[in-house]
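target_19.pdb follows (PDB, C-alpha atoms):
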ATOM      1  CA  MET A  11      23.653  -9.746  -2.366
ATOM      2  CA  ILE A  12      20.259 -10.789  -0.970
ATOM      3  CA  CYS A  13      18.620 -14.021  -2.070
ATOM      4  CA  LEU A  14      14.877 -14.475  -1.858
ATOM      5  CA  TYR A  15      13.052 -17.622  -2.832
ATOM      6  CA  GLY A  16       9.536 -17.506  -4.164
ATOM      7  CA  ASN A  17       7.127 -18.910  -6.633
ATOM      8  CA  GLY A  18       7.335 -16.730  -9.708
ATOM      9  CA  GLY A  19       4.761 -18.560 -11.772
ATOM     10  CA  LYS A  20       5.113 -22.315 -12.117
ATOM     11  CA  VAL A  21       8.714 -22.731 -11.027
ATOM     12  CA  ASN A  22      10.560 -21.574  -7.954
ATOM     13  CA  GLU A  23      12.841 -18.670  -8.644
ATOM     14  CA  LYS A  24      15.849 -17.391  -6.858
ATOM     15  CA  ILE A  25      15.941 -13.598  -6.853
ATOM     16  CA  HIS A  26      19.285 -11.860  -6.404
ATOM     17  CA  ILE A  27      19.352  -8.208  -5.477
ATOM     18  CA  VAL A  28      22.816  -6.785  -5.860
ATOM     19  CA  ARG A  29      24.090  -3.432  -4.667
ATOM     20  CA  SER A  30      23.577  -1.824  -8.071
ATOM     21  CA  GLY A  31      19.834  -2.272  -7.693
ATOM     22  CA  ILE A  32      19.635  -4.724 -10.583
ATOM     23  CA  VAL A  33      17.406  -7.683  -9.883
ATOM     24  CA  ARG A  34      18.495 -10.978 -11.342
ATOM     25  CA  ARG A  35      16.025 -13.838 -11.374
ATOM     26  CA  THR A  36      17.143 -17.391 -11.907
ATOM     27  CA  SER A  37      15.085 -20.519 -12.116
ATOM     28  CA  PRO A  38      16.437 -23.903 -11.015
ATOM     29  CA  THR A  39      14.913 -25.523 -14.100
ATOM     30  CA  MET A  40      16.370 -22.992 -16.521
ATOM     31  CA  ASN A  41      20.032 -22.187 -17.078
ATOM     32  CA  ARG A  42      19.421 -18.520 -17.768
ATOM     33  CA  SER A  43      18.706 -15.397 -15.800
ATOM     34  CA  ILE A  44      16.760 -12.287 -16.643
ATOM     35  CA  ASP A  45      17.939  -8.850 -15.550
ATOM     36  CA  LYS A  46      15.114  -6.750 -14.141
ATOM     37  CA  VAL A  47      15.018  -2.997 -13.888
ATOM     38  CA  PRO A  48      15.743  -1.401 -10.493
ATOM     39  CA  GLU A  49      12.095  -0.318 -10.056
ATOM     40  CA  LEU A  50      11.207  -3.932  -9.314
ATOM     41  CA  CYS A  51      13.441  -3.741  -6.266
ATOM     42  CA  GLU A  52      10.860  -2.125  -3.947
ATOM     43  CA  SER A  53      10.453  -2.539  -0.249
ATOM     44  CA  GLN A  54       7.529  -4.575   0.971
ATOM     45  CA  GLU A  55       6.035  -1.465   2.579
ATOM     46  CA  ASP A  56       5.966   0.407  -0.745
ATOM     47  CA  TYR A  57       4.421  -2.601  -2.430
ATOM     48  CA  CYS A  58       1.740  -2.795   0.266
ATOM     49  CA  LYS A  59       1.011   0.935  -0.112
ATOM     50  CA  LYS A  60       0.331   0.424  -3.816
ATOM     51  CA  PHE A  61      -2.333  -2.180  -3.047
ATOM     52  CA  ILE A  62      -3.891   0.010  -0.366
ATOM     53  CA  GLU A  63      -3.986   2.946  -2.767
ATOM     54  CA  LYS A  64      -5.665   0.814  -5.436
ATOM     55  CA  ILE A  65      -8.258  -0.435  -2.966
ATOM     56  CA  ILE A  66      -9.033   3.059  -1.699
ATOM     57  CA  LYS A  67      -9.199   4.643  -5.148
ATOM     58  CA  THR A  68     -11.410   1.845  -6.452
ATOM     59  CA  ASN A  69     -13.743   2.150  -3.454
ATOM     60  CA  ARG A  70     -13.678   5.917  -2.950
ATOM     61  CA  GLU A  71     -17.363   6.093  -2.088
ATOM     62  CA  VAL A  72     -16.992   3.735   0.890
ATOM     63  CA  PHE A  73     -14.122   5.779   2.310
ATOM     64  CA  ILE A  74     -15.997   9.045   1.829
ATOM     65  CA  LEU A  75     -19.076   7.612   3.555
ATOM     66  CA  SER A  76     -16.857   6.313   6.353
ATOM     67  CA  CYS A  77     -15.460   9.802   6.971
ATOM     68  CA  LEU A  78     -18.921  11.338   6.929
ATOM     69  CA  LEU A  79     -20.102   8.835   9.544
ATOM     70  CA  GLN A  80     -17.683  10.511  11.937
ATOM     71  CA  LYS A  81     -18.675  14.128  11.324
ATOM     72  CA  GLN A  82     -19.957  16.704   8.861
ATOM     73  CA  MET A  83     -17.247  17.762   6.382
ATOM     74  CA  CYS A  84     -16.631  19.806   3.275
ATOM     75  CA  GLY A  85     -14.964  18.215   0.249
ATOM     76  CA  TYR A  86     -11.571  19.641   1.116
ATOM     77  CA  ASP A  87     -11.782  18.230   4.658
ATOM     78  CA  LEU A  88     -12.657  14.809   3.224
ATOM     79  CA  ILE A  89      -9.607  14.896   0.969
ATOM     80  CA  LYS A  90      -7.383  15.905   3.919
ATOM     81  CA  ASP A  91      -8.906  13.282   6.238
ATOM     82  CA  ILE A  92      -8.432  10.413   3.774
ATOM     83  CA  PHE A  93      -4.889  11.560   3.044
ATOM     84  CA  THR A  94      -4.065  11.830   6.763
ATOM     85  CA  LYS A  95      -5.530   8.425   7.645
ATOM     86  CA  CYS A  96      -4.572   6.439   4.549
ATOM     87  CA  ASP A  97      -1.714   8.363   2.890
ATOM     88  CA  VAL A  98      -3.711   8.346  -0.356
ATOM     89  CA  PHE A  99      -4.553  11.532  -2.231
ATOM     90  CA  LEU A 100      -7.972  11.809  -3.832
ATOM     91  CA  SER A 101      -8.338  14.815  -6.113
ATOM     92  CA  GLN A 102     -11.191  17.295  -6.036
ATOM     93  CA  GLY A 103     -12.136  15.991  -9.480
ATOM     94  CA  THR A 104     -12.911  12.574  -8.009
ATOM     95  CA  VAL A 105     -14.366  13.570  -4.612
ATOM     96  CA  TYR A 106     -16.869  16.231  -5.636
ATOM     97  CA  PRO A 107     -18.676  14.176  -8.325
ATOM     98  CA  ILE A 108     -19.175  11.433  -5.720
ATOM     99  CA  LEU A 109     -20.535  13.970  -3.237
ATOM    100  CA  TYR A 110     -22.952  15.368  -5.849
ATOM    101  CA  THR A 111     -24.134  11.871  -6.774
ATOM    102  CA  LEU A 112     -24.671  10.892  -3.135
ATOM    103  CA  GLU A 113     -26.570  14.128  -2.610
ATOM    104  CA  ASP A 114     -28.769  13.432  -5.660
ATOM    105  CA  GLU A 115     -29.476   9.940  -4.295
ATOM    106  CA  GLY A 116     -30.672  11.459  -1.026
ATOM    107  CA  LEU A 117     -27.820  10.049   1.045
ATOM    108  CA  LEU A 118     -26.224  13.424   1.825
ATOM    109  CA  ILE A 119     -27.365  16.902   2.731
ATOM    110  CA  ALA A 120     -25.176  19.828   1.707
ATOM    111  CA  GLU A 121     -25.337  22.995   3.796
ATOM    112  CA  TYR A 122     -23.365  26.199   3.666
ATOM    113  CA  SER A 123     -21.473  27.001   6.835
ATOM    114  CA  LYS A 124     -22.675  29.991   8.804
ATOM    115  CA  GLY A 125     -20.811  33.070   7.635
ATOM    116  CA  ASP A 126     -19.042  31.109   4.863
ATOM    117  CA  MET A 127     -20.998  30.848   1.640
ATOM    118  CA  ARG A 128     -18.007  29.411  -0.216
ATOM    119  CA  SER A 129     -17.847  25.908   1.208
ATOM    120  CA  LYS A 130     -20.593  23.361   1.689
ATOM    121  CA  LYS A 131     -20.548  20.962   4.597
ATOM    122  CA  TYR A 132     -21.854  17.495   3.764
ATOM    123  CA  SER A 133     -23.603  15.279   6.273
ATOM    124  CA  LEU A 134     -25.369  11.950   6.015
ATOM    125  CA  THR A 135     -29.147  11.723   5.984
ATOM    126  CA  PRO A 136     -30.686   8.985   8.152
ATOM    127  CA  ARG A 137     -30.943   6.813   5.031
ATOM    128  CA  GLY A 138     -27.354   7.760   4.112
ATOM    129  CA  ARG A 139     -26.175   6.649   7.553
ATOM    130  CA  GLU A 140     -27.865   3.246   7.073
ATOM    131  CA  VAL A 141     -26.344   2.843   3.603
ATOM    132  CA  ALA A 142     -22.889   3.898   4.861
ATOM    133  CA  GLU A 143     -22.955   1.434   7.752
ATOM    134  CA  ARG A 144     -24.156  -1.369   5.483
ATOM    135  CA  ASP A 145     -21.602  -0.604   2.748
ATOM    136  CA  ILE A 146     -18.734  -0.437   5.246
ATOM    137  CA  GLU A 147     -19.781  -3.746   6.788
ATOM    138  CA  GLU A 148     -20.056  -5.416   3.370
ATOM    139  CA  PHE A 149     -16.731  -3.925   2.269
ATOM    140  CA  THR A 150     -14.857  -5.204   5.331
ATOM    141  CA  ASN A 151     -16.496  -8.634   4.977
ATOM    142  CA  ALA A 152     -15.437  -8.761   1.322
ATOM    143  CA  LEU A 153     -11.836  -7.893   2.244
ATOM    144  CA  GLU A 154     -11.810 -10.654   4.859
ATOM    145  CA  GLN A 155     -13.175 -13.159   2.330
ATOM    146  CA  ILE A 156     -10.579 -12.149  -0.250
ATOM    147  CA  SER A 157      -7.837 -12.566   2.348
ATOM    148  CA  ILE A 158      -9.096 -16.066   3.190
ATOM    149  CA  LEU A 159      -9.332 -17.060  -0.489
ATOM    150  CA  ILE A 160      -5.841 -15.821  -1.297
ATOM    151  CA  ARG A 161      -4.234 -17.607   1.643
ATOM    152  CA  ARG A 162      -5.659 -21.017   0.697
TER
END
Turn the structure described in the file into structure tokens.
Amino acid sequence: MICLYGNGGKVNEKIHIVRSGIVRRTSPTMNRSIDKVPELCESQEDYCKKFIEKIIKTNREVFILSCLLQKQMCGYDLIKDIFTKCDVFLSQGTVYPILYTLEDEGLLIAEYSKGDMRSKKYSLTPRGREVAERDIEEFTNALEQISILIRR
């Protein structure tokens, strides 16, 4: 059995994880315990991955712009690159509408590859490069500020 102590709301809780995977939470101020389902018994790494996935999926545009700062890519390459770097899968149904919107806003140029009329390669315009750099800087600053606020 593993015991972890934490603040589960307003009172400190003692969390028992037994071999069966059942999580039992007890509070020192209460004489009862609540059995939790095994899914709550996740490793810290899995829990962290969930937050990273939420952040990436909520801010897809920033991550797409970040990839395009590095080099010209087609939509499929963007999906692969984000998955390789972040272990988060973005579907074609979410990536391509963002690419079309960025292209309509004049931030991207789409060109067909030589000899391959099936896939478009997207690259940043000069204005798109400025916007990408600014958005990435603001995004990282916001994450730092959130980290500071949470740790207070």
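Interatomic distance, CA of Thr104 in chain A against CA of Gly85 in chain A: 10.2 Å.
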Which neighbours of Pro107 in chain A fall inside 12 Å, counting all atoms listed in the file, when residues of the same chain fewer than 6 positions from it are skipped, and could you give them as a list in words? Arg70, Glu71, Ile74, Gly85, Leu100, Ser101, Glu113 and Asp114 of chain A
Closest of A:Phe99, A:Tyr122, A:Tyr132, A:Tyr86 to Ile66 in chain A, counting all atoms listed in the file, is A:Phe99
Rank A:Lys59, A:Met83, A:Gln54, A:Val72 by their smallest atom-to-atom distance to Arg144 in chain A, using all atoms listed in the file, and report the top residue only. A:Val72
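Nearest-residue note for Ala152 in chain A: choosing from A:Thr94, A:Leu117, A:Leu109, A:Ile65, the minimum distance belongs to A:Ile65, counting all atoms listed in the file.
Across the structure, CA of Glu55 in chain A and CA of Gln102 in chain A are spaced 26.9 Å apart.
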When you look at Glu143 in chain A with a cut-off of 12 Å (counting all atoms listed in the file), what residues show up, excluding the ones that are within fewer than 5 positions of it in the same chain? I need them as a PyMOL selection string. chain A and resi 72-80+117+134+136-138+148-150
